[in-house]
Amino acid sequence: MEMALNEAKKALAEDEVPIGAVIVKDGKVIARGRNIREKSQNAIKHAEIVAIDKACRKLNSWRLDECEIYVTLEPCPMCAGAIANARIKKLVYGCHEKTSGENLCEQIMKSNRLNHHTEIEFDQTYKDDISKILTTFFKTKRKN
């Protein structure tokens, strides 16, 4: 999670929404991602999508079933779907999405429509750090 937080800090330095993701296979980092929507001018360039794309290219497979993804913030619906469709074994996230009171990420990943279900874990170790950089980022944006 610390590596994902470092990716989020890189995104912050680039004036992107500070979210980071890291994908691990067999205890080794195989891909990193951070939000690059502004830089790329592409709506789908969320941290998770960027990391999944890199991991698929590295493994030469869309199936990431032996992988775990660590994300600073609870994934949005698009990213939750991508994680489930990549068949990632486990999602670990470090901060709840404040606007997602209905556990939408979990509902998507546990849907009976999917033939693969991702294990979900909330790791609070860096919760305060993650929350602080997100809150500061959005307060600054609203002020400007």
# chains A, B, ... in the order shown; residues from 1 in each chain; ligands from 1
$ residues_around --residues "Ala51 of chain A" --least-positions-apart "2" --cutoff "9 Å" --atoms "only C-alpha atoms" --output "MDAnalysis selection string"
chainID A and resid 20:23 30:34 46:49 53:56 69
$ write_last_selection --atoms "C-alpha atoms" --output "JSON list (two decimals), in the first residue's frame"
[["chain", "number", "residue", "atom", "x", "y", "z"],
["A", 20, "GLY", "CA", -2.32, 5.17, -7.02],
["A", 21, "ALA", "CA", -2.37, 1.44, -7.72],
["A", 22, "VAL", "CA", 0.15, -1.38, -7.62],
["A", 23, "ILE", "CA", -0.28, -4.94, -8.92],
["A", 30, "ILE", "CA", 4.63, -6.23, -11.77],
["A", 31, "ALA", "CA", 2.81, -2.95, -12.51],
["A", 32, "ARG", "CA", 2.16, 0.49, -11.09],
["A", 33, "GLY", "CA", -0.39, 3.09, -12.08],
["A", 34, "ARG", "CA", -1.66, 6.51, -11.13],
["A", 46, "HIS", "CA", -7.64, 5.84, -13.75],
["A", 47, "ALA", "CA", -4.82, 4.40, -11.64],
["A", 48, "GLU", "CA", -6.32, 0.90, -11.65],
["A", 49, "ILE", "CA", -6.86, 0.84, -15.41],
["A", 53, "ASP", "CA", -3.02, -2.45, -18.73],
["A", 54, "LYS", "CA", 0.67, -2.60, -17.76],
["A", 55, "ALA", "CA", 0.23, -5.93, -15.94],
["A", 56, "CYS", "CA", -1.59, -7.49, -18.91],
["A", 69, "ILE", "CA", -4.07, -5.05, -6.67]]
$ residues_around --residues "Gly94 of chain A" --least-positions-apart "5" --cutoff "7 Å" --atoms "only C-alpha atoms" --output "VMD selection string"
chain A and resid 71 to 73 122 to 124 126 to 127
$ write_last_selection --atoms "all heavy atoms" --output "CSV table (one decimal), in the first residue's frame"
chain,number,residue,atom,x,y,z
A,71,VAL,N,-4.8,-0.4,-4.0
A,71,VAL,CA,-5.3,0.9,-4.5
A,71,VAL,C,-5.5,1.8,-3.3
A,71,VAL,O,-6.0,1.3,-2.3
A,71,VAL,CB,-6.6,0.7,-5.3
A,71,VAL,CG1,-7.0,2.0,-5.9
A,71,VAL,CG2,-6.5,-0.4,-6.4
A,72,THR,N,-5.1,3.0,-3.5
A,72,THR,CA,-5.3,4.0,-2.3
A,72,THR,C,-6.7,4.2,-2.0
A,72,THR,O,-7.0,4.4,-0.8
A,72,THR,CB,-4.5,5.3,-2.6
A,72,THR,OG1,-5.0,5.8,-3.9
A,72,THR,CG2,-3.0,5.1,-2.6
A,73,LEU,N,-7.6,4.3,-3.0
A,73,LEU,CA,-9.0,4.6,-2.8
A,73,LEU,C,-9.9,3.5,-3.3
A,73,LEU,O,-9.6,2.9,-4.3
A,73,LEU,CB,-9.3,6.0,-3.5
A,73,LEU,CG,-10.7,6.5,-3.3
A,73,LEU,CD1,-11.0,6.9,-1.8
A,73,LEU,CD2,-11.0,7.7,-4.2
A,122,PHE,N,-10.0,-4.1,3.2
A,122,PHE,CA,-9.8,-2.7,3.5
A,122,PHE,C,-8.6,-2.7,4.5
A,122,PHE,O,-8.6,-3.2,5.6
A,122,PHE,CB,-11.0,-2.1,4.2
A,122,PHE,CG,-10.9,-0.7,4.6
A,122,PHE,CD1,-10.2,0.3,3.9
A,122,PHE,CD2,-11.4,-0.3,5.9
A,122,PHE,CE1,-10.1,1.6,4.3
A,122,PHE,CE2,-11.3,1.0,6.3
A,122,PHE,CZ,-10.6,1.9,5.6
A,123,ASP,N,-7.5,-2.0,4.0
A,123,ASP,CA,-6.3,-1.9,4.8
A,123,ASP,C,-6.2,-0.4,5.3
A,123,ASP,O,-6.0,0.5,4.5
A,123,ASP,CB,-5.1,-2.2,3.9
A,123,ASP,CG,-3.7,-2.0,4.7
A,123,ASP,OD1,-3.7,-1.6,5.8
A,123,ASP,OD2,-2.7,-2.3,4.0
A,124,GLN,N,-6.4,-0.2,6.6
A,124,GLN,CA,-6.4,1.1,7.1
A,124,GLN,C,-5.1,1.7,7.5
A,124,GLN,O,-5.0,2.9,8.0
A,124,GLN,CB,-7.3,1.1,8.4
A,124,GLN,CG,-8.7,0.6,8.2
A,124,GLN,CD,-9.5,0.7,9.4
A,124,GLN,OE1,-9.5,1.7,10.1
A,124,GLN,NE2,-10.2,-0.4,9.7
A,126,TYR,N,-2.7,3.3,6.0
A,126,TYR,CA,-2.4,4.6,5.4
A,126,TYR,C,-3.6,5.5,5.2
A,126,TYR,O,-3.6,6.5,4.5
A,126,TYR,CB,-1.6,4.5,4.1
A,126,TYR,CG,-0.2,3.9,4.3
A,126,TYR,CD1,0.0,2.6,4.1
A,126,TYR,CD2,0.8,4.7,4.8
A,126,TYR,CE1,1.2,2.0,4.3
A,126,TYR,CE2,2.1,4.1,5.0
A,126,TYR,CZ,2.3,2.8,4.7
A,126,TYR,OH,3.5,2.2,4.9
A,127,LYS,N,-4.7,5.0,5.8
A,127,LYS,CA,-6.0,5.7,5.6
A,127,LYS,C,-6.0,7.2,5.8
A,127,LYS,O,-6.5,8.0,5.0
A,127,LYS,CB,-7.1,5.1,6.5
A,127,LYS,CG,-8.5,5.7,6.4
A,127,LYS,CD,-9.5,5.0,7.3
A,127,LYS,CE,-9.4,5.8,8.6
A,127,LYS,NZ,-10.4,5.5,9.6
$ select_by_dssp --residues "segment 60-105 of chain A" --states "alpha helix (DSSP H)" --output "list in words"
Pro77, Met78, Cys79, Ala80, Gly81, Ala82, Ile83, Ala84, Asn85, Leu104 and Cys105 of chain A
$ residues_around --residues "Val17 of chain A" --least-positions-apart "4" --cutoff "12 Å" --atoms "only C-alpha atoms" --output "PyMOL selection string"
chain A and resi 7-13+34-39+45-47+72-73+130+133-141
$ atom_distance --atom1 "atom CA of Val29 of chain A" --atom2 "atom CA of Asp65 of chain A"
14.7 Å
$ closest_residue --among "A:Ala86, A:Ser131, A:Tyr70, A:Gln107" --to "Met1 of chain A" --atoms "only C-alpha atoms"
A:Tyr70
$ atom_distance --atom1 "atom CA of Asn6 of chain A" --atom2 "atom CA of Asn144 of chain A"
25.0 Å
$ atom_distance --atom1 "atom CA of Asp129 of chain A" --atom2 "atom CA of Ile83 of chain A"
24.0 Å
$ closest_residue --among "A:Cys76, A:Gly81, A:Ile88, A:Ala43" --to "Arg63 of chain A" --atoms "only C-alpha atoms"
A:Ile88
$ residues_around --residues "Glu119 of chain A" --least-positions-apart "2" --cutoff "9 Å" --atoms "only C-alpha atoms" --output "list in words"
Ile88, Lys89, Lys90, Leu91, Val92, Met109, Lys110, His117 and Glu121 of chain A
$ write_last_selection --atoms "N, CA and C atoms" --output "compact mmCIF listing (two decimals), in the first residue's frame"
# COMPACT_ATOMS: atom_id res chain seq x y z
N ILE A 88 -8.65 -10.49 -11.21
CA ILE A 88 -7.67 -10.28 -10.15
C ILE A 88 -8.15 -10.99 -8.89
N LYS A 89 -7.23 -11.69 -8.27
CA LYS A 89 -7.55 -12.53 -7.11
C LYS A 89 -8.01 -11.70 -5.90
N LYS A 90 -7.30 -10.58 -5.64
CA LYS A 90 -7.57 -9.83 -4.42
C LYS A 90 -7.39 -8.34 -4.65
N LEU A 91 -8.31 -7.56 -4.11
CA LEU A 91 -8.24 -6.10 -4.09
C LEU A 91 -8.00 -5.67 -2.65
N VAL A 92 -6.99 -4.83 -2.46
CA VAL A 92 -6.76 -4.21 -1.16
C VAL A 92 -6.81 -2.71 -1.39
N MET A 109 -18.29 -6.31 -7.63
CA MET A 109 -17.35 -7.44 -7.60
C MET A 109 -17.98 -8.74 -7.11
N LYS A 110 -19.05 -8.65 -6.38
CA LYS A 110 -19.71 -9.85 -5.85
C LYS A 110 -20.97 -10.20 -6.63
N HIS A 117 -15.08 -13.87 -8.66
CA HIS A 117 -15.27 -12.93 -7.55
C HIS A 117 -13.92 -12.61 -6.91
N GLU A 121 -10.30 -6.46 0.57
CA GLU A 121 -9.78 -6.16 1.91
C GLU A 121 -9.58 -4.66 2.05
$ decode --residues "segment 69-101 of chain A" --atoms "N, CA, C and O atoms" --output "tab-separated table (two decimals), in the first residue's frame"
chain	number	residue	atom	x	y	z
A	69	ILE	N	-4.19	-6.47	-6.36
A	69	ILE	CA	-4.07	-5.05	-6.67
A	69	ILE	C	-4.26	-4.25	-5.38
A	69	ILE	O	-5.17	-4.53	-4.60
A	70	TYR	N	-3.37	-3.31	-5.17
A	70	TYR	CA	-3.40	-2.42	-4.02
A	70	TYR	C	-3.72	-1.02	-4.55
A	70	TYR	O	-3.01	-0.52	-5.42
A	71	VAL	N	-4.80	-0.43	-4.04
A	71	VAL	CA	-5.27	0.85	-4.52
A	71	VAL	C	-5.49	1.77	-3.32
A	71	VAL	O	-6.03	1.34	-2.30
A	72	THR	N	-5.11	3.03	-3.47
A	72	THR	CA	-5.25	3.95	-2.35
A	72	THR	C	-6.71	4.23	-2.00
A	72	THR	O	-7.04	4.38	-0.82
A	73	LEU	N	-7.57	4.31	-2.99
A	73	LEU	CA	-8.98	4.64	-2.76
A	73	LEU	C	-9.87	3.53	-3.30
A	73	LEU	O	-9.59	2.94	-4.34
A	74	GLU	N	-10.95	3.26	-2.59
A	74	GLU	CA	-11.94	2.28	-3.04
A	74	GLU	C	-12.28	2.54	-4.50
A	74	GLU	O	-12.62	3.66	-4.87
A	75	PRO	N	-12.17	1.54	-5.36
A	75	PRO	CA	-12.38	1.74	-6.80
A	75	PRO	C	-13.78	2.22	-7.17
A	75	PRO	O	-14.77	1.85	-6.54
A	76	CYS	N	-13.83	3.03	-8.22
A	76	CYS	CA	-15.10	3.48	-8.80
A	76	CYS	C	-15.74	2.29	-9.54
A	76	CYS	O	-15.10	1.24	-9.73
A	77	PRO	N	-16.98	2.43	-9.99
A	77	PRO	CA	-17.63	1.32	-10.71
A	77	PRO	C	-16.86	0.84	-11.94
A	77	PRO	O	-16.76	-0.37	-12.17
A	78	MET	N	-16.30	1.76	-12.72
A	78	MET	CA	-15.54	1.35	-13.91
A	78	MET	C	-14.35	0.49	-13.51
A	78	MET	O	-14.10	-0.56	-14.10
A	79	CYS	N	-13.61	0.94	-12.51
A	79	CYS	CA	-12.41	0.22	-12.11
A	79	CYS	C	-12.75	-1.09	-11.40
A	79	CYS	O	-12.05	-2.09	-11.58
A	80	ALA	N	-13.83	-1.10	-10.63
A	80	ALA	CA	-14.28	-2.34	-10.00
A	80	ALA	C	-14.60	-3.38	-11.06
A	80	ALA	O	-14.21	-4.55	-10.95
A	81	GLY	N	-15.27	-2.95	-12.13
A	81	GLY	CA	-15.58	-3.86	-13.23
A	81	GLY	C	-14.32	-4.35	-13.92
A	81	GLY	O	-14.21	-5.53	-14.27
A	82	ALA	N	-13.36	-3.46	-14.12
A	82	ALA	CA	-12.10	-3.86	-14.77
A	82	ALA	C	-11.33	-4.85	-13.92
A	82	ALA	O	-10.77	-5.82	-14.43
A	83	ILE	N	-11.30	-4.62	-12.62
A	83	ILE	CA	-10.60	-5.53	-11.70
A	83	ILE	C	-11.25	-6.91	-11.75
A	83	ILE	O	-10.58	-7.93	-11.85
A	84	ALA	N	-12.58	-6.93	-11.70
A	84	ALA	CA	-13.30	-8.21	-11.76
A	84	ALA	C	-13.09	-8.90	-13.10
A	84	ALA	O	-12.85	-10.11	-13.16
A	85	ASN	N	-13.16	-8.15	-14.20
A	85	ASN	CA	-13.00	-8.73	-15.52
A	85	ASN	C	-11.58	-9.20	-15.81
A	85	ASN	O	-11.38	-10.11	-16.62
A	86	ALA	N	-10.61	-8.60	-15.13
A	86	ALA	CA	-9.22	-9.07	-15.26
A	86	ALA	C	-8.99	-10.29	-14.37
A	86	ALA	O	-7.92	-10.88	-14.39
A	87	ARG	N	-10.01	-10.65	-13.61
A	87	ARG	CA	-9.98	-11.81	-12.72
A	87	ARG	C	-8.89	-11.71	-11.64
A	87	ARG	O	-8.29	-12.72	-11.26
A	88	ILE	N	-8.65	-10.49	-11.21
A	88	ILE	CA	-7.67	-10.28	-10.15
A	88	ILE	C	-8.15	-10.99	-8.89
A	88	ILE	O	-9.32	-10.90	-8.53
A	89	LYS	N	-7.23	-11.69	-8.27
A	89	LYS	CA	-7.55	-12.53	-7.11
A	89	LYS	C	-8.01	-11.70	-5.90
A	89	LYS	O	-8.96	-12.06	-5.22
A	90	LYS	N	-7.30	-10.58	-5.64
A	90	LYS	CA	-7.57	-9.83	-4.42
A	90	LYS	C	-7.39	-8.34	-4.65
A	90	LYS	O	-6.43	-7.92	-5.28
A	91	LEU	N	-8.31	-7.56	-4.11
A	91	LEU	CA	-8.24	-6.10	-4.09
A	91	LEU	C	-8.00	-5.67	-2.65
A	91	LEU	O	-8.72	-6.11	-1.74
A	92	VAL	N	-6.99	-4.83	-2.46
A	92	VAL	CA	-6.76	-4.21	-1.16
A	92	VAL	C	-6.81	-2.71	-1.39
A	92	VAL	O	-6.09	-2.19	-2.24
A	93	TYR	N	-7.68	-2.02	-0.66
A	93	TYR	CA	-7.75	-0.57	-0.80
A	93	TYR	C	-7.58	0.10	0.55
A	93	TYR	O	-7.85	-0.48	1.59
A	94	GLY	N	-7.08	1.35	0.52
A	94	GLY	CA	-6.65	2.01	1.74
A	94	GLY	C	-7.56	3.08	2.29
A	94	GLY	O	-7.32	3.58	3.38
A	95	CYS	N	-8.59	3.48	1.55
A	95	CYS	CA	-9.48	4.54	2.02
A	95	CYS	C	-10.84	4.36	1.35
A	95	CYS	O	-10.90	4.06	0.15
A	96	HIS	N	-11.90	4.51	2.13
A	96	HIS	CA	-13.24	4.41	1.56
A	96	HIS	C	-13.56	5.64	0.72
A	96	HIS	O	-13.15	6.74	1.04
A	97	GLU	N	-14.28	5.42	-0.36
A	97	GLU	CA	-14.80	6.50	-1.18
A	97	GLU	C	-15.96	7.13	-0.42
A	97	GLU	O	-16.96	6.46	-0.15
A	98	LYS	N	-15.82	8.39	-0.04
A	98	LYS	CA	-16.82	9.06	0.80
A	98	LYS	C	-18.21	9.11	0.17
A	98	LYS	O	-19.21	9.11	0.86
A	99	THR	N	-18.27	9.18	-1.15
A	99	THR	CA	-19.56	9.31	-1.83
A	99	THR	C	-20.21	7.97	-2.15
A	99	THR	O	-21.27	7.93	-2.74
A	100	SER	N	-19.57	6.86	-1.76
A	100	SER	CA	-20.10	5.53	-2.08
A	100	SER	C	-20.61	4.83	-0.83
A	100	SER	O	-20.06	3.85	-0.37
A	101	GLY	N	-21.68	5.35	-0.28
A	101	GLY	CA	-22.25	4.77	0.93
A	101	GLY	C	-22.92	3.43	0.73
A	101	GLY	O	-23.15	2.70	1.69
